[in-house]
file model-v6.cif (mmCIF, C-alpha atoms)
data_upload
loop_
_atom_site.group_PDB
_atom_site.id
_atom_site.type_symbol
_atom_site.label_atom_id
_atom_site.label_comp_id
_atom_site.auth_asym_id
_atom_site.auth_seq_id
_atom_site.Cartn_x
_atom_site.Cartn_y
_atom_site.Cartn_z
ATOM 1 C CA MET A 26 0.000 0.000 0.000
ATOM 2 C CA GLU A 27 1.396 3.378 -1.037
ATOM 3 C CA GLU A 28 1.890 5.859 1.798
ATOM 4 C CA GLN A 29 -0.266 8.963 1.365
ATOM 5 C CA LYS A 30 1.455 12.345 1.160
ATOM 6 C CA LYS A 31 0.528 14.625 4.072
ATOM 7 C CA ILE A 32 -1.489 17.652 3.122
ATOM 8 C CA TYR A 33 -0.165 20.847 4.662
ATOM 9 C CA ASP A 34 -2.876 23.178 3.351
ATOM 10 C CA LEU A 35 -5.232 22.889 6.312
ATOM 11 C CA GLU A 36 -8.306 24.056 4.417
ATOM 12 C CA GLU A 37 -7.743 21.394 1.767
ATOM 13 C CA ARG A 38 -6.827 18.791 4.366
ATOM 14 C CA THR A 39 -9.986 19.338 6.417
ATOM 15 C CA GLU A 40 -12.163 19.244 3.307
ATOM 16 C CA LYS A 41 -10.554 15.953 2.209
ATOM 17 C CA PHE A 42 -11.130 14.604 5.718
ATOM 18 C CA SER A 43 -14.819 15.497 5.516
ATOM 19 C CA LEU A 44 -15.167 13.867 2.098
ATOM 20 C CA ARG A 45 -13.309 10.777 3.294
ATOM 21 C CA VAL A 46 -15.735 10.429 6.196
ATOM 22 C CA ARG A 47 -18.692 10.879 3.822
ATOM 23 C CA ASN A 48 -17.369 8.198 1.473
ATOM 24 C CA PHE A 49 -16.720 5.839 4.393
ATOM 25 C CA CYS A 50 -20.239 6.355 5.735
ATOM 26 C CA PHE A 51 -21.708 5.740 2.302
ATOM 27 C CA LYS A 52 -20.301 2.168 2.410
ATOM 28 C CA LEU A 53 -21.668 1.316 5.854
ATOM 29 C CA LYS A 54 -24.793 -0.720 6.442
ATOM 30 C CA LYS A 55 -27.743 1.606 7.082
ATOM 31 C CA ASP A 56 -29.541 -0.106 9.949
ATOM 32 C CA THR A 57 -31.461 1.537 12.782
ATOM 33 C CA ILE A 58 -28.392 2.038 14.953
ATOM 34 C CA ASN A 59 -25.906 3.070 12.278
ATOM 35 C CA ILE A 60 -28.198 5.667 10.734
ATOM 36 C CA GLU A 61 -28.049 7.789 13.896
ATOM 37 C CA TYR A 62 -24.300 7.393 14.327
ATOM 38 C CA ILE A 63 -23.674 8.154 10.652
ATOM 39 C CA ARG A 64 -25.758 11.344 10.854
ATOM 40 C CA GLN A 65 -23.748 12.558 13.819
ATOM 41 C CA LEU A 66 -20.440 11.614 12.212
ATOM 42 C CA VAL A 67 -21.187 13.320 8.896
ATOM 43 C CA ARG A 68 -22.299 16.501 10.681
ATOM 44 C CA ALA A 69 -19.195 16.615 12.868
ATOM 45 C CA ALA A 70 -16.848 15.896 9.961
ATOM 46 C CA GLY A 71 -18.460 18.590 7.799
ATOM 47 C CA SER A 72 -18.240 21.077 10.632
ATOM 48 C CA VAL A 73 -14.428 20.861 10.759
ATOM 49 C CA PRO A 74 -13.707 22.450 7.354
ATOM 50 C CA ALA A 75 -16.694 24.802 7.661
ATOM 51 C CA ASN A 76 -15.429 26.210 10.949
ATOM 52 C CA HIS A 77 -11.882 26.396 9.612
ATOM 53 C CA ILE A 78 -13.170 28.592 6.778
ATOM 54 C CA GLU A 79 -15.043 30.695 9.349
ATOM 55 C CA ALA A 80 -11.849 31.049 11.403
ATOM 56 C CA ASN A 81 -9.932 32.233 8.355
ATOM 57 C CA GLU A 82 -12.655 34.793 7.608
ATOM 58 C CA SER A 83 -13.074 35.786 11.247
ATOM 59 C CA LEU A 84 -14.199 39.175 12.515
ATOM 60 C CA GLY A 85 -11.402 39.324 15.076
ATOM 61 C CA ASP A 86 -9.153 37.358 17.392
ATOM 62 C CA GLN A 87 -11.917 36.105 19.689
ATOM 63 C CA ASP A 88 -14.037 34.966 16.736
ATOM 64 C CA LYS A 89 -11.045 33.152 15.233
ATOM 65 C CA LYS A 90 -10.260 31.437 18.539
ATOM 66 C CA MET A 91 -13.874 30.317 18.917
ATOM 67 C CA HIS A 92 -13.981 28.740 15.445
ATOM 68 C CA ILE A 93 -10.599 27.035 15.925
ATOM 69 C CA LYS A 94 -11.847 25.631 19.228
ATOM 70 C CA ILE A 95 -14.969 24.327 17.474
ATOM 71 C CA CYS A 96 -12.729 22.658 14.857
ATOM 72 C CA ARG A 97 -10.899 20.870 17.665
ATOM 73 C CA LYS A 98 -14.147 19.878 19.379
ATOM 74 C CA GLU A 99 -15.692 18.544 16.163
ATOM 75 C CA SER A 100 -12.516 16.578 15.340
ATOM 76 C CA LYS A 101 -12.732 14.990 18.760
ATOM 77 C CA GLU A 102 -16.424 14.266 18.261
ATOM 78 C CA CYS A 103 -15.652 12.533 14.955
ATOM 79 C CA LYS A 104 -13.480 10.061 16.843
ATOM 80 C CA LEU A 105 -16.374 9.265 19.163
ATOM 81 C CA TRP A 106 -18.841 8.595 16.336
ATOM 82 C CA LEU A 107 -16.246 6.651 14.339
ATOM 83 C CA LYS A 108 -15.850 4.318 17.303
ATOM 84 C CA HIS A 109 -19.637 3.911 17.517
ATOM 85 C CA VAL A 110 -20.495 3.099 13.899
ATOM 86 C CA LEU A 111 -20.881 -0.608 13.254
ATOM 87 C CA THR A 112 -18.700 -2.247 10.611
ATOM 88 C CA TYR A 113 -19.877 -5.775 11.404
ATOM 89 C CA GLY A 114 -16.316 -7.098 11.344
ATOM 90 C CA ASN A 115 -15.530 -5.974 7.798
ATOM 91 C CA ASP A 116 -11.717 -5.822 7.743
ATOM 92 C CA GLU A 117 -11.593 -3.200 4.970
ATOM 93 C CA TYR A 118 -13.929 -0.913 6.928
ATOM 94 C CA GLU A 119 -11.978 -1.446 10.149
ATOM 95 C CA ILE A 120 -8.737 -0.408 8.428
ATOM 96 C CA GLU A 121 -10.415 2.666 6.952
ATOM 97 C CA ARG A 122 -11.981 3.558 10.307
ATOM 98 C CA SER A 123 -8.579 3.367 12.016
ATOM 99 C CA ALA A 124 -7.009 5.604 9.387
ATOM 100 C CA ILE A 125 -9.805 8.173 9.719
ATOM 101 C CA ILE A 126 -9.538 8.090 13.528
ATOM 102 C CA GLN A 127 -5.805 8.782 13.139
ATOM 103 C CA GLU A 128 -6.548 11.755 10.864
ATOM 104 C CA ALA A 129 -9.146 13.061 13.349
ATOM 105 C CA THR A 130 -6.577 12.771 16.149
ATOM 106 C CA GLU A 131 -4.008 14.696 14.093
ATOM 107 C CA SER A 132 -6.627 17.324 13.303
ATOM 108 C CA GLU A 133 -7.534 17.614 16.979
ATOM 109 C CA ASN A 134 -3.865 18.117 17.861
ATOM 110 C CA ILE A 135 -3.293 20.667 15.093
ATOM 111 C CA PHE A 136 -6.305 22.752 16.094
ATOM 112 C CA GLY A 137 -5.343 22.469 19.768
ATOM 113 C CA SER A 138 -1.899 23.830 18.951
ATOM 114 C CA ILE A 139 -3.325 26.665 16.850
ATOM 115 C CA TYR A 140 -5.737 27.550 19.640
ATOM 116 C CA ARG A 141 -2.966 27.654 22.268
ATOM 117 C CA LYS A 142 -0.857 29.924 20.036
ATOM 118 C CA LEU A 143 -3.806 32.244 19.420
ATOM 119 C CA ASP A 144 -4.618 32.267 23.116
ATOM 120 C CA ASN A 145 -1.011 33.121 24.030
ATOM 121 C CA ASN A 146 -0.910 35.901 21.421
ATOM 122 C CA THR A 147 -4.072 37.512 22.769
ATOM 123 C CA LYS A 148 -2.731 37.381 26.341
ATOM 124 C CA ASN A 149 0.575 39.058 25.432
#
call {"tool": "encode", "arguments": {"input": "model-v6.cif", "output": "structure tokens"}}
result
Amino acid sequence: MEEQKKIYDLEERTEKFSLRVRNFCFKLKKDTINIEYIRQLVRAAGSVPANHIEANESLGDQDKKMHIKICRKESKECKLWLKHVLTYGNDEYEIERSAIIQEATESENIFGSIYRKLDNNTKN
């Protein structure tokens, strides 16, 4: 398996993350339980790039910090819903889920770091 190149453009990276989650959810079995988890997951994943765009177009430092914090929160929420969706033991789906959880963790860490830097800058 070819190793994927890391995307350093955060707007592009978050959009690709959201689309990857959508495509993953599209494959999953749509039973009573999964439908609710999938809805939550798709909403959280779509919120990450949307709030990143809002942060980049912010009205000021506090607005930017709020949207970055929401990006971090939604990334974290994606991990929760990814752990809840049922793959019914499908190895391919389990591998994809793990990779998406890893990306959500990286996103959470990136947005946490950005938030801390913004918070330090506004305090100084």
call {"tool": "residues_around", "arguments": {"input": "model-v6.cif", "residues": "region 119-135 of chain A", "least_positions_apart": "3", "cutoff": "9 Å", "atoms": "all atoms listed in the file", "output": "tab-separated table (two decimals) with C-alpha atoms, keeping the file's coordinate frame"}}
result
chain	number	residue	atom	x	y	z
A	39	THR	CA	-9.99	19.34	6.42
A	42	PHE	CA	-11.13	14.60	5.72
A	45	ARG	CA	-13.31	10.78	3.29
A	46	VAL	CA	-15.74	10.43	6.20
A	49	PHE	CA	-16.72	5.84	4.39
A	70	ALA	CA	-16.85	15.90	9.96
A	73	VAL	CA	-14.43	20.86	10.76
A	96	CYS	CA	-12.73	22.66	14.86
A	97	ARG	CA	-10.90	20.87	17.66
A	98	LYS	CA	-14.15	19.88	19.38
A	99	GLU	CA	-15.69	18.54	16.16
A	100	SER	CA	-12.52	16.58	15.34
A	101	LYS	CA	-12.73	14.99	18.76
A	102	GLU	CA	-16.42	14.27	18.26
A	103	CYS	CA	-15.65	12.53	14.96
A	104	LYS	CA	-13.48	10.06	16.84
A	105	LEU	CA	-16.37	9.26	19.16
A	107	LEU	CA	-16.25	6.65	14.34
A	108	LYS	CA	-15.85	4.32	17.30
A	112	THR	CA	-18.70	-2.25	10.61
A	114	GLY	CA	-16.32	-7.10	11.34
A	115	ASN	CA	-15.53	-5.97	7.80
A	116	ASP	CA	-11.72	-5.82	7.74
A	138	SER	CA	-1.90	23.83	18.95
A	139	ILE	CA	-3.32	26.66	16.85
A	140	TYR	CA	-5.74	27.55	19.64
call {"tool": "atom_distance", "arguments": {"input": "model-v6.cif", "atom1": "CA of His77 (chain A)", "atom2": "CA of Arg64 (chain A)"}}
result
20.5 Å
call {"tool": "atom_distance", "arguments": {"input": "model-v6.cif", "atom1": "CA of Val110 (chain A)", "atom2": "CA of Glu79 (chain A)"}}
result
28.5 Å
call {"tool": "residues_around", "arguments": {"input": "model-v6.cif", "residues": "Ile78 (chain A)", "least_positions_apart": "2", "cutoff": "10 Å", "atoms": "all atoms listed in the file", "output": "NGL selection string"}}
result
:A and (35-36 or 39 or 72-76 or 80-83 or 89 or 92-93)
call {"tool": "atom_distance", "arguments": {"input": "model-v6.cif", "atom1": "CA of Tyr118 (chain A)", "atom2": "CA of Lys52 (chain A)"}}
result
8.4 Å
call {"tool": "closest_residue", "arguments": {"input": "model-v6.cif", "among": "A:Glu61, A:Lys94, A:Glu117, A:Ser43", "to": "Leu143 (chain A)", "atoms": "all atoms listed in the file"}}
result
A:Lys94
call {"tool": "closest_residue", "arguments": {"input": "model-v6.cif", "among": "A:Arg141, A:Asp86, A:Trp106, A:Phe136", "to": "Cys50 (chain A)", "atoms": "all atoms listed in the file"}}
result
A:Trp106
call {"tool": "closest_residue", "arguments": {"input": "model-v6.cif", "among": "A:Gly85, A:Asn59, A:Gly71, A:Lys90", "to": "Gly137 (chain A)", "atoms": "only C-alpha atoms"}}
result
A:Lys90
call {"tool": "closest_residue", "arguments": {"input": "model-v6.cif", "among": "A:Tyr113, A:Ile63, A:Leu84, A:Lys142", "to": "Asn48 (chain A)", "atoms": "all atoms listed in the file"}}
result
A:Ile63
call {"tool": "axis_aligned_box", "arguments": {"input": "model-v6.cif", "around": "region 102-115 of chain A", "padding_each_side": "6 Å", "output": "JSON"}}
result
{"center_x": -17.2, "center_y": 3.6, "center_z": 13.5, "size_x": 19.4, "size_y": 33.4, "size_z": 23.4}
call {"tool": "build_atoms", "arguments": {"input": "model-v6.cif", "residues": "region 95-106 of chain A", "atoms": "all heavy atoms", "output": "PDB file, in the coordinates of the input"}}
result
ATOM      1  N   ILE A  95     -13.900  25.184  17.994  1.00  0.00           N
ATOM      2  CA  ILE A  95     -14.969  24.327  17.474  1.00  0.00           C
ATOM      3  C   ILE A  95     -14.380  23.270  16.545  1.00  0.00           C
ATOM      4  O   ILE A  95     -14.797  22.103  16.580  1.00  0.00           O
ATOM      5  CB  ILE A  95     -16.057  25.157  16.763  1.00  0.00           C
ATOM      6  CG1 ILE A  95     -16.808  26.012  17.787  1.00  0.00           C
ATOM      7  CG2 ILE A  95     -17.029  24.255  16.005  1.00  0.00           C
ATOM      8  CD1 ILE A  95     -17.739  27.052  17.174  1.00  0.00           C
ATOM      9  N   CYS A  96     -13.398  23.643  15.725  1.00  0.00           N
ATOM     10  CA  CYS A  96     -12.729  22.658  14.857  1.00  0.00           C
ATOM     11  C   CYS A  96     -12.144  21.525  15.693  1.00  0.00           C
ATOM     12  O   CYS A  96     -12.287  20.348  15.338  1.00  0.00           O
ATOM     13  CB  CYS A  96     -11.602  23.315  14.050  1.00  0.00           C
ATOM     14  SG  CYS A  96     -12.136  24.424  12.742  1.00  0.00           S
ATOM     15  N   ARG A  97     -11.492  21.885  16.785  1.00  0.00           N
ATOM     16  CA  ARG A  97     -10.899  20.870  17.665  1.00  0.00           C
ATOM     17  C   ARG A  97     -11.988  19.986  18.276  1.00  0.00           C
ATOM     18  O   ARG A  97     -11.881  18.761  18.286  1.00  0.00           O
ATOM     19  CB  ARG A  97     -10.079  21.529  18.776  1.00  0.00           C
ATOM     20  CG  ARG A  97      -9.398  20.517  19.676  1.00  0.00           C
ATOM     21  CD  ARG A  97      -8.657  21.196  20.832  1.00  0.00           C
ATOM     22  NE  ARG A  97      -8.043  20.211  21.680  1.00  0.00           N
ATOM     23  CZ  ARG A  97      -8.684  19.547  22.644  1.00  0.00           C
ATOM     24  NH1 ARG A  97      -9.961  19.767  22.869  1.00  0.00           N
ATOM     25  NH2 ARG A  97      -8.050  18.651  23.373  1.00  0.00           N
ATOM     26  N   LYS A  98     -13.045  20.616  18.752  1.00  0.00           N
ATOM     27  CA  LYS A  98     -14.147  19.878  19.379  1.00  0.00           C
ATOM     28  C   LYS A  98     -14.807  18.916  18.383  1.00  0.00           C
ATOM     29  O   LYS A  98     -15.082  17.763  18.719  1.00  0.00           O
ATOM     30  CB  LYS A  98     -15.179  20.864  19.925  1.00  0.00           C
ATOM     31  CG  LYS A  98     -16.387  20.220  20.582  1.00  0.00           C
ATOM     32  CD  LYS A  98     -17.412  21.234  21.003  1.00  0.00           C
ATOM     33  CE  LYS A  98     -18.220  21.760  19.870  1.00  0.00           C
ATOM     34  NZ  LYS A  98     -19.281  20.896  19.370  1.00  0.00           N
ATOM     35  N   GLU A  99     -15.044  19.382  17.170  1.00  0.00           N
ATOM     36  CA  GLU A  99     -15.692  18.544  16.163  1.00  0.00           C
ATOM     37  C   GLU A  99     -14.773  17.403  15.718  1.00  0.00           C
ATOM     38  O   GLU A  99     -15.250  16.301  15.440  1.00  0.00           O
ATOM     39  CB  GLU A  99     -16.139  19.386  14.967  1.00  0.00           C
ATOM     40  CG  GLU A  99     -17.203  20.411  15.291  1.00  0.00           C
ATOM     41  CD  GLU A  99     -18.570  19.839  15.652  1.00  0.00           C
ATOM     42  OE1 GLU A  99     -18.787  18.623  15.508  1.00  0.00           O
ATOM     43  OE2 GLU A  99     -19.430  20.624  16.077  1.00  0.00           O
ATOM     44  N   SER A 100     -13.476  17.653  15.660  1.00  0.00           N
ATOM     45  CA  SER A 100     -12.516  16.578  15.340  1.00  0.00           C
ATOM     46  C   SER A 100     -12.578  15.489  16.401  1.00  0.00           C
ATOM     47  O   SER A 100     -12.595  14.292  16.095  1.00  0.00           O
ATOM     48  CB  SER A 100     -11.090  17.128  15.258  1.00  0.00           C
ATOM     49  OG  SER A 100     -10.966  18.063  14.223  1.00  0.00           O
ATOM     50  N   LYS A 101     -12.644  15.929  17.637  1.00  0.00           N
ATOM     51  CA  LYS A 101     -12.732  14.990  18.760  1.00  0.00           C
ATOM     52  C   LYS A 101     -14.049  14.209  18.714  1.00  0.00           C
ATOM     53  O   LYS A 101     -14.084  13.007  18.960  1.00  0.00           O
ATOM     54  CB  LYS A 101     -12.619  15.787  20.064  1.00  0.00           C
ATOM     55  CG  LYS A 101     -12.325  14.977  21.276  1.00  0.00           C
ATOM     56  CD  LYS A 101     -12.029  15.908  22.448  1.00  0.00           C
ATOM     57  CE  LYS A 101     -11.630  15.125  23.657  1.00  0.00           C
ATOM     58  NZ  LYS A 101     -11.318  15.996  24.798  1.00  0.00           N
ATOM     59  N   GLU A 102     -15.119  14.914  18.359  1.00  0.00           N
ATOM     60  CA  GLU A 102     -16.424  14.266  18.261  1.00  0.00           C
ATOM     61  C   GLU A 102     -16.434  13.224  17.136  1.00  0.00           C
ATOM     62  O   GLU A 102     -17.062  12.170  17.267  1.00  0.00           O
ATOM     63  CB  GLU A 102     -17.505  15.317  18.016  1.00  0.00           C
ATOM     64  CG  GLU A 102     -18.900  14.795  18.201  1.00  0.00           C
ATOM     65  CD  GLU A 102     -19.947  15.891  18.111  1.00  0.00           C
ATOM     66  OE1 GLU A 102     -19.783  16.944  18.741  1.00  0.00           O
ATOM     67  OE2 GLU A 102     -20.943  15.656  17.394  1.00  0.00           O
ATOM     68  N   CYS A 103     -15.743  13.507  16.048  1.00  0.00           N
ATOM     69  CA  CYS A 103     -15.652  12.533  14.955  1.00  0.00           C
ATOM     70  C   CYS A 103     -15.083  11.206  15.459  1.00  0.00           C
ATOM     71  O   CYS A 103     -15.563  10.142  15.073  1.00  0.00           O
ATOM     72  CB  CYS A 103     -14.761  13.057  13.822  1.00  0.00           C
ATOM     73  SG  CYS A 103     -15.554  14.299  12.798  1.00  0.00           S
ATOM     74  N   LYS A 104     -14.070  11.291  16.311  1.00  0.00           N
ATOM     75  CA  LYS A 104     -13.480  10.061  16.843  1.00  0.00           C
ATOM     76  C   LYS A 104     -14.511   9.258  17.622  1.00  0.00           C
ATOM     77  O   LYS A 104     -14.566   8.034  17.497  1.00  0.00           O
ATOM     78  CB  LYS A 104     -12.274  10.376  17.728  1.00  0.00           C
ATOM     79  CG  LYS A 104     -11.111  10.932  16.964  1.00  0.00           C
ATOM     80  CD  LYS A 104      -9.836  11.061  17.750  1.00  0.00           C
ATOM     81  CE  LYS A 104      -9.963  11.490  19.160  1.00  0.00           C
ATOM     82  NZ  LYS A 104      -8.693  11.769  19.833  1.00  0.00           N
ATOM     83  N   LEU A 105     -15.335   9.948  18.397  1.00  0.00           N
ATOM     84  CA  LEU A 105     -16.374   9.265  19.163  1.00  0.00           C
ATOM     85  C   LEU A 105     -17.325   8.519  18.233  1.00  0.00           C
ATOM     86  O   LEU A 105     -17.560   7.316  18.408  1.00  0.00           O
ATOM     87  CB  LEU A 105     -17.165  10.275  20.002  1.00  0.00           C
ATOM     88  CG  LEU A 105     -18.421   9.706  20.661  1.00  0.00           C
ATOM     89  CD1 LEU A 105     -18.055   8.860  21.861  1.00  0.00           C
ATOM     90  CD2 LEU A 105     -19.386  10.806  21.029  1.00  0.00           C
ATOM     91  N   TRP A 106     -17.859   9.216  17.229  1.00  0.00           N
ATOM     92  CA  TRP A 106     -18.841   8.595  16.336  1.00  0.00           C
ATOM     93  C   TRP A 106     -18.206   7.521  15.466  1.00  0.00           C
ATOM     94  O   TRP A 106     -18.851   6.518  15.156  1.00  0.00           O
ATOM     95  CB  TRP A 106     -19.563   9.646  15.491  1.00  0.00           C
ATOM     96  CG  TRP A 106     -20.319  10.612  16.345  1.00  0.00           C
ATOM     97  CD1 TRP A 106     -20.159  11.966  16.398  1.00  0.00           C
ATOM     98  CD2 TRP A 106     -21.331  10.299  17.315  1.00  0.00           C
ATOM     99  NE1 TRP A 106     -21.015  12.510  17.328  1.00  0.00           N
ATOM    100  CE2 TRP A 106     -21.746  11.511  17.908  1.00  0.00           C
ATOM    101  CE3 TRP A 106     -21.934   9.122  17.743  1.00  0.00           C
ATOM    102  CZ2 TRP A 106     -22.731  11.572  18.887  1.00  0.00           C
ATOM    103  CZ3 TRP A 106     -22.911   9.174  18.721  1.00  0.00           C
ATOM    104  CH2 TRP A 106     -23.295  10.383  19.287  1.00  0.00           C
TER     105      TRP A 106
END
